[in-house]
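Dumped data_15.cif below, it's mmCIF, C-alpha atoms and all ligand atoms:
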```
data_coords
loop_
_atom_site.group_PDB
_atom_site.id
_atom_site.type_symbol
_atom_site.label_atom_id
_atom_site.label_comp_id
_atom_site.auth_asym_id
_atom_site.auth_seq_id
_atom_site.Cartn_x
_atom_site.Cartn_y
_atom_site.Cartn_z
ATOM 1 C CA MET A 1 5.815 13.782 -22.103
ATOM 2 C CA TYR A 2 3.443 11.979 -19.718
ATOM 3 C CA HIS A 3 3.656 8.202 -19.898
ATOM 4 C CA PHE A 4 0.612 6.395 -18.501
ATOM 5 C CA ILE A 5 0.798 2.825 -17.196
ATOM 6 C CA VAL A 6 -2.638 1.277 -16.966
ATOM 7 C CA ASN A 7 -3.565 -1.851 -15.020
ATOM 8 C CA THR A 8 -6.923 -2.555 -16.656
ATOM 9 C CA ASN A 9 -7.369 -5.348 -14.084
ATOM 10 C CA SER A 10 -7.240 -3.135 -11.008
ATOM 11 C CA GLY A 11 -10.510 -2.631 -9.177
ATOM 12 C CA SER A 12 -11.918 -5.562 -11.203
ATOM 13 C CA GLY A 13 -11.926 -3.607 -14.461
ATOM 14 C CA ARG A 14 -12.164 -0.119 -12.994
ATOM 15 C CA GLY A 15 -8.649 0.546 -14.346
ATOM 16 C CA PHE A 16 -9.911 0.227 -17.908
ATOM 17 C CA LYS A 17 -12.956 2.445 -17.310
ATOM 18 C CA ARG A 18 -10.828 5.133 -15.654
ATOM 19 C CA TRP A 19 -8.363 5.067 -18.547
ATOM 20 C CA VAL A 20 -11.162 5.590 -21.108
ATOM 21 C CA GLN A 21 -12.254 8.674 -19.135
ATOM 22 C CA ILE A 22 -8.719 10.009 -18.759
ATOM 23 C CA GLU A 23 -7.765 9.410 -22.392
ATOM 24 C CA SER A 24 -10.746 11.374 -23.676
ATOM 25 C CA ILE A 25 -9.662 14.366 -21.542
ATOM 26 C CA LEU A 26 -6.062 14.095 -22.783
ATOM 27 C CA LEU A 27 -7.219 14.008 -26.408
ATOM 28 C CA GLU A 28 -9.649 16.877 -25.925
ATOM 29 C CA ARG A 29 -6.937 19.064 -24.384
ATOM 30 C CA LYS A 30 -4.283 17.945 -26.883
ATOM 31 C CA ILE A 31 -1.972 16.785 -24.087
ATOM 32 C CA VAL A 32 0.941 14.738 -25.448
ATOM 33 C CA TYR A 33 1.079 11.292 -23.841
ATOM 34 C CA ASP A 34 2.073 7.706 -24.347
ATOM 35 C CA VAL A 35 0.519 4.648 -22.694
ATOM 36 C CA SER A 36 1.477 1.087 -21.764
ATOM 37 C CA PHE A 37 -0.826 -1.593 -20.361
ATOM 38 C CA THR A 38 0.373 -4.084 -17.749
ATOM 39 C CA LYS A 39 0.188 -7.605 -19.132
ATOM 40 C CA LYS A 40 0.816 -9.615 -15.954
ATOM 41 C CA PRO A 41 1.659 -9.218 -12.247
ATOM 42 C CA ASN A 42 4.946 -7.318 -11.650
ATOM 43 C CA HIS A 43 4.986 -5.972 -15.209
ATOM 44 C CA ALA A 44 4.560 -2.401 -13.883
ATOM 45 C CA THR A 45 7.924 -2.671 -12.090
ATOM 46 C CA GLN A 46 9.730 -3.451 -15.350
ATOM 47 C CA LEU A 47 7.824 -0.810 -17.342
ATOM 48 C CA VAL A 48 8.515 1.911 -14.776
ATOM 49 C CA HIS A 49 12.157 0.911 -14.421
ATOM 50 C CA ASP A 50 12.750 1.144 -18.169
ATOM 51 C CA LEU A 51 10.853 4.421 -18.561
ATOM 52 C CA ALA A 52 12.475 6.090 -15.562
ATOM 53 C CA HIS A 53 16.023 5.075 -16.423
ATOM 54 C CA ASP A 54 16.167 4.786 -20.233
ATOM 55 C CA SER A 55 13.589 7.222 -21.659
ATOM 56 C CA PRO A 56 14.807 10.830 -21.366
ATOM 57 C CA ASN A 57 11.649 12.280 -22.975
ATOM 58 C CA VAL A 58 9.399 10.972 -20.151
ATOM 59 C CA SER A 59 8.617 13.863 -17.779
ATOM 60 C CA ALA A 60 6.267 11.913 -15.494
ATOM 61 C CA ILE A 61 4.947 8.374 -15.135
ATOM 62 C CA ILE A 62 1.256 8.180 -14.316
ATOM 63 C CA ILE A 63 -0.188 4.976 -12.867
ATOM 64 C CA VAL A 64 -3.838 4.095 -13.439
ATOM 65 C CA GLY A 65 -4.391 1.390 -10.837
ATOM 66 C CA GLY A 66 -4.637 0.496 -7.168
ATOM 67 C CA ASP A 67 -2.149 0.077 -4.331
ATOM 68 C CA GLY A 68 -0.710 -3.131 -5.817
ATOM 69 C CA THR A 69 0.168 -1.301 -9.036
ATOM 70 C CA VAL A 70 1.604 1.652 -7.089
ATOM 71 C CA HIS A 71 3.689 -0.870 -5.121
ATOM 72 C CA GLU A 72 5.038 -2.406 -8.333
ATOM 73 C CA ALA A 73 5.698 1.055 -9.791
ATOM 74 C CA ILE A 74 7.744 2.391 -6.862
ATOM 75 C CA ASN A 75 9.838 -0.777 -6.997
ATOM 76 C CA GLY A 76 10.857 0.228 -10.529
ATOM 77 C CA LEU A 77 11.380 3.880 -9.682
ATOM 78 C CA GLN A 78 14.274 3.623 -7.239
ATOM 79 C CA ASN A 79 17.183 6.043 -7.863
ATOM 80 C CA SER A 80 15.200 8.116 -10.349
ATOM 81 C CA ASN A 81 13.949 11.716 -10.203
ATOM 82 C CA VAL A 82 11.055 11.086 -12.579
ATOM 83 C CA PRO A 83 7.856 11.926 -10.656
ATOM 84 C CA LEU A 84 4.997 9.461 -10.242
ATOM 85 C CA GLY A 85 1.345 10.439 -10.615
ATOM 86 C CA ILE A 86 -1.560 8.206 -9.613
ATOM 87 C CA ILE A 87 -5.066 7.972 -11.011
ATOM 88 C CA PRO A 88 -6.754 5.800 -8.350
ATOM 89 C CA ALA A 89 -8.525 2.796 -9.866
ATOM 90 C CA GLY A 90 -8.112 0.048 -7.256
ATOM 91 C CA SER A 91 -10.365 -1.257 -4.541
ATOM 92 C CA GLY A 92 -8.369 0.163 -1.635
ATOM 93 C CA ASN A 93 -6.452 3.193 -2.966
ATOM 94 C CA ASP A 94 -4.863 3.673 0.445
ATOM 95 C CA PHE A 95 -1.762 5.351 -0.953
ATOM 96 C CA CYS A 96 -3.905 8.092 -2.551
ATOM 97 C CA ARG A 97 -6.003 8.383 0.610
ATOM 98 C CA GLY A 98 -2.844 8.875 2.687
ATOM 99 C CA MET A 99 -1.445 11.494 0.283
ATOM 100 C CA GLY A 100 -4.691 13.406 -0.077
ATOM 101 C CA ILE A 101 -4.849 12.562 -3.812
ATOM 102 C CA PRO A 102 -8.511 12.818 -4.903
ATOM 103 C CA LEU A 103 -10.192 9.421 -5.341
ATOM 104 C CA ASN A 104 -12.177 10.910 -8.236
ATOM 105 C CA CYS A 105 -10.085 10.223 -11.338
ATOM 106 C CA VAL A 106 -10.804 13.509 -13.134
ATOM 107 C CA GLU A 107 -9.842 15.504 -10.032
ATOM 108 C CA ALA A 108 -6.729 13.330 -9.638
ATOM 109 C CA LEU A 109 -5.748 14.148 -13.244
ATOM 110 C CA GLU A 110 -6.273 17.883 -12.655
ATOM 111 C CA ARG A 111 -3.961 17.626 -9.644
ATOM 112 C CA ILE A 112 -1.309 15.824 -11.732
ATOM 113 C CA LEU A 113 -1.468 18.459 -14.474
ATOM 114 C CA LYS A 114 -0.614 21.172 -11.914
ATOM 115 C CA ASN A 115 2.811 19.506 -11.855
ATOM 116 C CA GLU A 116 3.446 20.034 -8.138
ATOM 117 C CA LYS A 117 5.934 17.480 -6.843
ATOM 118 C CA LYS A 118 6.268 16.141 -3.291
ATOM 119 C CA LEU A 119 9.330 14.218 -2.210
ATOM 120 C CA ILE A 120 8.295 11.247 -0.044
ATOM 121 C CA ASP A 121 9.898 8.511 2.051
ATOM 122 C CA VAL A 122 9.384 4.831 1.288
ATOM 123 C CA GLY A 123 9.990 1.741 3.411
ATOM 124 C CA HIS A 124 12.331 -1.155 2.581
ATOM 125 C CA ILE A 125 11.591 -4.785 3.501
ATOM 126 C CA ASN A 126 13.109 -7.975 2.020
ATOM 127 C CA ASN A 127 14.547 -6.244 -1.067
ATOM 128 C CA LYS A 128 11.219 -4.573 -1.820
ATOM 129 C CA VAL A 129 10.087 -1.042 -1.167
ATOM 130 C CA PHE A 130 6.623 -0.126 0.079
ATOM 131 C CA ALA A 131 4.788 3.174 0.008
ATOM 132 C CA THR A 132 2.048 2.707 2.620
ATOM 133 C CA ILE A 133 2.268 0.009 5.301
ATOM 134 C CA ALA A 134 4.049 -3.275 5.928
ATOM 135 C CA GLY A 135 1.828 -5.516 8.036
ATOM 136 C CA ILE A 136 3.249 -8.542 9.820
ATOM 137 C CA GLY A 137 1.412 -11.483 11.422
ATOM 138 C CA PHE A 138 -2.376 -11.478 11.544
ATOM 139 C CA ASP A 139 -2.250 -8.751 8.949
ATOM 140 C CA GLY A 140 -0.045 -10.598 6.494
ATOM 141 C CA LYS A 141 -2.251 -13.668 6.772
ATOM 142 C CA ILE A 142 -5.332 -11.553 5.992
ATOM 143 C CA ALA A 143 -3.570 -10.031 2.951
ATOM 144 C CA ALA A 144 -2.759 -13.539 1.722
ATOM 145 C CA GLU A 145 -6.414 -14.581 2.180
ATOM 146 C CA THR A 146 -7.766 -11.402 0.541
ATOM 147 C CA SER A 147 -5.576 -11.755 -2.539
ATOM 148 C CA ARG A 148 -7.080 -15.224 -3.082
ATOM 149 C CA SER A 149 -10.648 -14.006 -2.496
ATOM 150 C CA LYS A 150 -13.086 -14.266 -5.423
ATOM 151 C CA LEU A 151 -15.401 -12.064 -3.401
ATOM 152 C CA LYS A 152 -12.958 -9.154 -3.860
ATOM 153 C CA LYS A 153 -14.040 -8.866 -7.493
ATOM 154 C CA LEU A 154 -17.718 -8.771 -6.662
ATOM 155 C CA CYS A 155 -17.232 -6.244 -3.868
ATOM 156 C CA ASN A 156 -15.192 -4.021 -6.192
ATOM 157 C CA VAL A 157 -18.033 -3.996 -8.677
ATOM 158 C CA ILE A 158 -20.547 -2.898 -6.031
ATOM 159 C CA LYS A 159 -18.037 -0.488 -4.438
ATOM 160 C CA ILE A 160 -17.692 -2.070 -0.979
ATOM 161 C CA GLY A 161 -13.942 -2.592 -1.100
ATOM 162 C CA SER A 162 -13.433 -3.243 2.650
ATOM 163 C CA ILE A 163 -15.868 -6.185 2.815
ATOM 164 C CA PRO A 164 -13.473 -8.910 1.519
ATOM 165 C CA TYR A 165 -10.888 -7.673 4.004
ATOM 166 C CA ILE A 166 -13.366 -7.823 6.874
ATOM 167 C CA LEU A 167 -14.513 -11.346 5.919
ATOM 168 C CA ALA A 168 -10.899 -12.560 5.556
ATOM 169 C CA MET A 169 -10.157 -10.961 8.911
ATOM 170 C CA LEU A 170 -12.994 -12.853 10.593
ATOM 171 C CA LYS A 171 -11.803 -16.124 9.044
ATOM 172 C CA VAL A 172 -8.165 -15.573 10.106
ATOM 173 C CA MET A 173 -9.259 -14.398 13.547
ATOM 174 C CA LEU A 174 -10.828 -17.776 14.275
ATOM 175 C CA SER A 175 -7.624 -19.706 13.555
ATOM 176 C CA TYR A 176 -4.689 -17.313 14.067
ATOM 177 C CA LYS A 177 -2.210 -18.131 16.861
ATOM 178 C CA PRO A 178 -0.386 -15.094 18.260
ATOM 179 C CA THR A 179 3.344 -15.569 18.819
ATOM 180 C CA ASP A 180 6.222 -14.052 20.810
ATOM 181 C CA VAL A 181 8.319 -11.408 19.078
ATOM 182 C CA ASN A 182 11.735 -9.837 19.544
ATOM 183 C CA LEU A 183 11.824 -6.314 18.238
ATOM 184 C CA ARG A 184 14.560 -3.733 17.852
ATOM 185 C CA ILE A 185 13.528 -0.224 16.878
ATOM 186 C CA ASP A 186 16.688 1.822 16.197
ATOM 187 C CA SER A 187 18.841 1.154 19.286
ATOM 188 C CA LYS A 188 15.986 0.001 21.553
ATOM 189 C CA ALA A 189 15.318 -3.746 21.939
ATOM 190 C CA SER A 190 12.127 -5.179 23.428
ATOM 191 C CA SER A 191 10.301 -8.510 23.711
ATOM 192 C CA HIS A 192 6.562 -8.930 23.217
ATOM 193 C CA GLU A 193 4.345 -11.886 24.100
ATOM 194 C CA ASN A 194 1.311 -13.096 22.159
ATOM 195 C CA VAL A 195 1.643 -10.634 19.299
ATOM 196 C CA TRP A 196 -1.213 -10.519 16.809
ATOM 197 C CA LEU A 197 0.166 -7.959 14.439
ATOM 198 C CA ILE A 198 2.848 -5.384 13.822
ATOM 199 C CA ALA A 199 2.029 -2.589 11.368
ATOM 200 C CA ILE A 200 4.951 -0.474 10.149
ATOM 201 C CA ALA A 201 3.479 2.607 8.570
ATOM 202 C CA ASN A 202 4.685 5.282 6.198
ATOM 203 C CA THR A 203 1.084 6.516 5.679
ATOM 204 C CA PRO A 204 -1.953 6.025 7.957
ATOM 205 C CA PHE A 205 -4.281 3.749 5.952
ATOM 206 C CA TYR A 206 -4.577 0.183 4.754
ATOM 207 C CA ALA A 207 -7.253 -2.280 3.681
ATOM 208 C CA GLY A 208 -9.445 0.356 2.072
ATOM 209 C CA GLY A 209 -9.409 3.077 4.724
ATOM 210 C CA MET A 210 -8.527 1.467 8.075
ATOM 211 C CA LYS A 211 -6.539 4.071 10.021
ATOM 212 C CA ILE A 212 -4.081 1.659 11.630
ATOM 213 C CA CYS A 213 -1.356 4.280 12.309
ATOM 214 C CA PRO A 214 -3.134 7.638 12.440
ATOM 215 C CA GLU A 215 0.055 9.663 13.001
ATOM 216 C CA ALA A 216 2.084 8.232 10.086
ATOM 217 C CA ARG A 217 3.474 10.829 7.641
ATOM 218 C CA ASN A 218 5.490 10.003 4.539
ATOM 219 C CA ASN A 219 7.744 13.039 4.738
ATOM 220 C CA ASP A 220 9.086 12.810 8.305
ATOM 221 C CA ASP A 221 11.850 10.185 7.823
ATOM 222 C CA LEU A 222 10.060 7.963 10.360
ATOM 223 C CA PHE A 223 7.849 4.909 10.569
ATOM 224 C CA GLU A 224 4.878 4.831 12.895
ATOM 225 C CA VAL A 225 4.683 1.328 14.419
ATOM 226 C CA CYS A 226 1.550 -0.261 15.891
ATOM 227 C CA ILE A 227 1.696 -3.538 17.842
ATOM 228 C CA VAL A 228 -1.386 -5.430 18.972
ATOM 229 C CA LYS A 229 -0.651 -8.075 21.600
ATOM 230 C CA GLY A 230 -1.870 -9.976 24.654
ATOM 231 C CA ILE A 231 -5.565 -9.815 23.802
ATOM 232 C CA SER A 232 -8.160 -12.570 23.331
ATOM 233 C CA ARG A 233 -9.641 -13.021 19.858
ATOM 234 C CA TRP A 234 -13.056 -11.923 21.115
ATOM 235 C CA LYS A 235 -11.723 -8.712 22.641
ATOM 236 C CA LEU A 236 -9.802 -8.076 19.416
ATOM 237 C CA LEU A 237 -13.035 -8.490 17.486
ATOM 238 C CA ARG A 238 -14.724 -5.992 19.813
ATOM 239 C CA ILE A 239 -12.070 -3.281 19.376
ATOM 240 C CA PHE A 240 -11.761 -3.865 15.621
ATOM 241 C CA PRO A 241 -14.386 -1.273 14.483
ATOM 242 C CA SER A 242 -12.435 1.475 16.285
ATOM 243 C CA VAL A 243 -9.598 1.112 13.717
ATOM 244 C CA PHE A 244 -11.670 2.943 11.099
ATOM 245 C CA LYS A 245 -11.325 6.129 13.164
ATOM 246 C CA GLY A 246 -7.851 5.340 14.488
ATOM 247 C CA GLN A 247 -9.231 5.080 18.029
ATOM 248 C CA HIS A 248 -7.860 1.552 18.627
ATOM 249 C CA ILE A 249 -4.529 3.127 19.662
ATOM 250 C CA ASN A 250 -6.038 4.079 23.025
ATOM 251 C CA HIS A 251 -6.658 0.412 23.963
ATOM 252 C CA PRO A 252 -4.172 -1.130 26.464
ATOM 253 C CA ALA A 253 -3.460 -4.055 24.067
ATOM 254 C CA VAL A 254 -2.210 -1.609 21.426
ATOM 255 C CA ARG A 255 1.253 -0.028 21.614
ATOM 256 C CA THR A 256 2.637 2.576 19.238
ATOM 257 C CA TYR A 257 6.258 3.500 18.559
ATOM 258 C CA GLN A 258 8.274 5.540 16.090
ATOM 259 C CA GLY A 259 11.589 4.709 14.433
ATOM 260 C CA LYS A 260 13.695 4.421 11.299
ATOM 261 C CA ASN A 261 15.113 0.877 11.462
ATOM 262 C CA LEU A 262 13.423 -2.265 12.741
ATOM 263 C CA ILE A 263 14.681 -5.783 13.256
ATOM 264 C CA ILE A 264 11.899 -8.284 13.896
ATOM 265 C CA SER A 265 12.091 -11.980 14.728
ATOM 266 C CA SER A 266 9.416 -14.299 16.081
ATOM 267 C CA ASN A 267 9.061 -17.734 17.694
ATOM 268 C CA ASN A 268 6.700 -18.901 14.958
ATOM 269 C CA PRO A 269 6.914 -17.590 11.380
ATOM 270 C CA MET A 270 4.879 -14.446 10.728
ATOM 271 C CA ILE A 271 3.894 -13.613 7.150
ATOM 272 C CA ALA A 272 4.164 -9.978 5.946
ATOM 273 C CA HIS A 273 2.705 -7.774 3.249
ATOM 274 C CA GLY A 274 3.929 -4.446 1.897
ATOM 275 C CA ASP A 275 1.162 -2.324 0.320
ATOM 276 C CA GLY A 276 -1.034 -5.447 0.442
ATOM 277 C CA GLU A 277 1.441 -7.565 -1.589
ATOM 278 C CA ILE A 278 3.032 -10.545 0.208
ATOM 279 C CA VAL A 279 6.763 -9.937 0.845
ATOM 280 C CA GLY A 280 7.850 -12.956 2.949
ATOM 281 C CA GLU A 281 8.087 -14.297 6.508
ATOM 282 C CA THR A 282 10.006 -13.328 9.668
ATOM 283 C CA PRO A 283 12.799 -12.487 10.368
ATOM 284 C CA PHE A 284 12.743 -8.982 8.862
ATOM 285 C CA ASN A 285 15.070 -6.040 8.657
ATOM 286 C CA ILE A 286 13.008 -2.982 7.772
ATOM 287 C CA LYS A 287 14.284 0.527 7.157
ATOM 288 C CA ILE A 288 12.976 3.891 6.062
ATOM 289 C CA LEU A 289 14.431 5.316 2.842
ATOM 290 C CA PRO A 290 14.006 9.063 3.389
ATOM 291 C CA SER A 291 13.034 11.441 0.547
ATOM 292 C CA SER A 292 13.128 8.653 -2.030
ATOM 293 C CA ILE A 293 10.608 9.380 -4.763
ATOM 294 C CA TYR A 294 8.737 12.347 -6.234
ATOM 295 C CA VAL A 295 4.952 12.158 -6.373
ATOM 296 C CA LEU A 296 2.715 14.573 -8.290
ATOM 297 C CA SER A 297 0.196 15.513 -5.645
HETATM 298 N N1 LIG B 1 -2.616 -7.888 -17.064
HETATM 299 C C1 LIG B 1 -2.755 -8.330 -15.804
HETATM 300 N N2 LIG B 1 -3.400 -9.487 -15.547
HETATM 301 C C2 LIG B 1 -3.575 -9.924 -14.289
HETATM 302 N N3 LIG B 1 -3.137 -9.273 -13.183
HETATM 303 C C3 LIG B 1 -2.481 -8.116 -13.384
HETATM 304 C C4 LIG B 1 -2.254 -7.583 -14.700
HETATM 305 N N4 LIG B 1 -1.560 -6.414 -14.574
HETATM 306 C C5 LIG B 1 -1.367 -6.242 -13.242
HETATM 307 N N5 LIG B 1 -1.907 -7.244 -12.532
HETATM 308 C C6 LIG B 1 -1.969 -7.426 -11.058
HETATM 309 O O1 LIG B 1 -3.193 -6.884 -10.616
HETATM 310 C C7 LIG B 1 -3.102 -6.818 -9.197
HETATM 311 C C8 LIG B 1 -4.117 -5.895 -8.619
HETATM 312 O O2 LIG B 1 -3.852 -4.582 -8.978
HETATM 313 P P1 LIG B 1 -4.119 -3.370 -7.986
HETATM 314 O O3 LIG B 1 -3.597 -3.663 -6.632
HETATM 315 O O4 LIG B 1 -3.657 -2.153 -8.659
HETATM 316 O O5 LIG B 1 -5.694 -3.333 -7.910
HETATM 317 P P2 LIG B 1 -6.650 -3.688 -6.677
HETATM 318 O O6 LIG B 1 -6.155 -4.910 -5.986
HETATM 319 O O7 LIG B 1 -8.026 -3.695 -7.213
HETATM 320 O O8 LIG B 1 -6.478 -2.385 -5.782
HETATM 321 P P3 LIG B 1 -5.999 -2.147 -4.266
HETATM 322 O O9 LIG B 1 -4.620 -2.760 -4.143
HETATM 323 O O10 LIG B 1 -5.972 -0.659 -4.138
HETATM 324 O O11 LIG B 1 -7.000 -2.827 -3.393
HETATM 325 C C9 LIG B 1 -1.653 -6.444 -8.919
HETATM 326 O O12 LIG B 1 -1.148 -7.302 -7.919
HETATM 327 C C10 LIG B 1 -0.941 -6.680 -10.279
HETATM 328 O O13 LIG B 1 0.216 -7.469 -10.132
#
```

Output the structure of this file as structure tokens.
Ligand SMILES: Nc1ncnc2c1ncn2[C@@H]1O[C@H](COP(=O)(O)OP(=O)(O)OP(=O)(O)O)[C@@H](O)[C@H]1O
Amino acid sequence: MYHFIVNTNSGSGRGFKRWVQIESILLERKIVYDVSFTKKPNHATQLVHDLAHDSPNVSAIIIVGGDGTVHEAINGLQNSNVPLGIIPAGSGNDFCRGMGIPLNCVEALERILKNEKKLIDVGHINNKVFATIAGIGFDGKIAAETSRSKLKKLCNVIKIGSIPYILAMLKVMLSYKPTDVNLRIDSKASSHENVWLIAIANTPFYAGGMKICPEARNNDDLFEVCIVKGISRWKLLRIFPSVFKGQHINHPAVRTYQGKNLIISSNNPMIAHGDGEIVGETPFNIKILPSSIYVLS
């Protein structure tokens, strides 16, 4: 039996609208399902954990929500073979974008009903797992600003999901102070001065379609790492638009690496997000968890 978990709040109410559409299709086709609605932040983790570990009649758990709800769901799914399906209903939907899951909810449902499973890697940071990207520094600060933004709701309604991110980015850019970082990727240690951000990617996209790590794949047992450092805020502002096409990686202030395990410390605390949800401050120990969860895709 399919069990749907709906975050009616995601995408400023889009979650509810998508569920109404999906439920009418399920009823019309006489597909057996059950549904739970998230009642508060982090509720999806508990719901998924209980369904995946204590409900033998659940054949798949389908999330109706955005990246935050997917993040909560995968944190409840650890050590389970129950596959996860996603009906995108958030403002960013970067996990779906990275997996090639249709952003149209009816097409996403059709894909789920084909029952084709992919085994994917996830990342681990501060006792949390993440499916897309962990962003540290400038990035984490922007995520913290965006999650507080009232504008996010309005922009969701008029379908310009990246705008709150861009405005938060401009605000943080004016005040952010880059810091020095010690980094170990697998056995290789390095030091970096004036670091703006470190993105550790399992899939290419964040913030509603910015291609921060174009080469990231979630089935290769590896992170793609992008570091931006030693650049003035005005030059950073100038190269920013190139991130939408992933062309920023050619700039001399941008370095890319690959690896499975990272240890990161910094002179001044750097805040981090995983899948857009705040996960803490430096120091971090981050590792890839290969072939961790099944996704219907
Ligand atoms: N009943 C609820 N009331 C308030 N918040 C909730 C409820 N259920 C879940 N949430 C929270 O809603 C937040 C936003 O959900 P989600 O990330 O799925 O949507 P989004 O932010 O619109 O999409 P995206 O992350 O793709 O931009 C999550 O952080 C989750 O904890």

Item to check | Selection: 8 Å around Ile264 of chain A, only C-alpha atoms, excl. self and same-chain fewer than 2 positions, as a ChimeraX atom specification | outcome: /A:181-184,262,266,282-285

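Residues of protein, DNA or RNA having any atom at most 7 Å from ligand LIG 1 (chain B), counting all atoms listed in the file, are Asn7, Thr8, Asn9, Ser10, Gly11, Ser12, Thr38, Lys39, Lys40, Pro41, Asn42, His43, Gly65, Gly66, Asp67, Gly68, Thr69, Val70, Ala89, Gly90, Ser91, Gly92, Asn93, Asp94, Gly208, Gly276 and Glu277 of chain A.
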
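Counting only C-alpha atoms, the residue from A:Phe240, A:Phe205, A:Phe130, A:Tyr33 that sits nearest to Ile166 of chain A is A:Phe240.
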
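Of the residues under consideration (A:Ile63, A:Ala207, A:Val129, A:Ile212), A:Ile212 shows the shortest atom-to-atom contact distance to Ile227 of chain A when counting only C-alpha atoms.
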
Item to check | Expansion of the PyMOL selection byres (((chain A and resi 268) around 12) and not hetatm) into residues, as a PyMOL selection string | outcome: chain A and resi 137+176-182+193-196+264-267+269-271+281-283

For those residues, write C-alpha atoms to a file as an mmCIF file, keeping the file's coordinate frame.
```
data_model
loop_
_atom_site.group_PDB
_atom_site.id
_atom_site.type_symbol
_atom_site.label_atom_id
_atom_site.label_comp_id
_atom_site.auth_asym_id
_atom_site.auth_seq_id
_atom_site.Cartn_x
_atom_site.Cartn_y
_atom_site.Cartn_z
ATOM 1 C CA GLY A 137 1.412 -11.483 11.422
ATOM 2 C CA TYR A 176 -4.689 -17.313 14.067
ATOM 3 C CA LYS A 177 -2.210 -18.131 16.861
ATOM 4 C CA PRO A 178 -0.386 -15.094 18.260
ATOM 5 C CA THR A 179 3.344 -15.569 18.819
ATOM 6 C CA ASP A 180 6.222 -14.052 20.810
ATOM 7 C CA VAL A 181 8.319 -11.408 19.078
ATOM 8 C CA ASN A 182 11.735 -9.837 19.544
ATOM 9 C CA GLU A 193 4.345 -11.886 24.100
ATOM 10 C CA ASN A 194 1.311 -13.096 22.159
ATOM 11 C CA VAL A 195 1.643 -10.634 19.299
ATOM 12 C CA TRP A 196 -1.213 -10.519 16.809
ATOM 13 C CA ILE A 264 11.899 -8.284 13.896
ATOM 14 C CA SER A 265 12.091 -11.980 14.728
ATOM 15 C CA SER A 266 9.416 -14.299 16.081
ATOM 16 C CA ASN A 267 9.061 -17.734 17.694
ATOM 17 C CA PRO A 269 6.914 -17.590 11.380
ATOM 18 C CA MET A 270 4.879 -14.446 10.728
ATOM 19 C CA ILE A 271 3.894 -13.613 7.150
ATOM 20 C CA GLU A 281 8.087 -14.297 6.508
ATOM 21 C CA THR A 282 10.006 -13.328 9.668
ATOM 22 C CA PRO A 283 12.799 -12.487 10.368
#
```

Checklist entry - At what distance in Å, to one decimal, does atom CA of Phe95 of chain A lie from atom CA of Thr203 of chain A? => result 7.3 Å
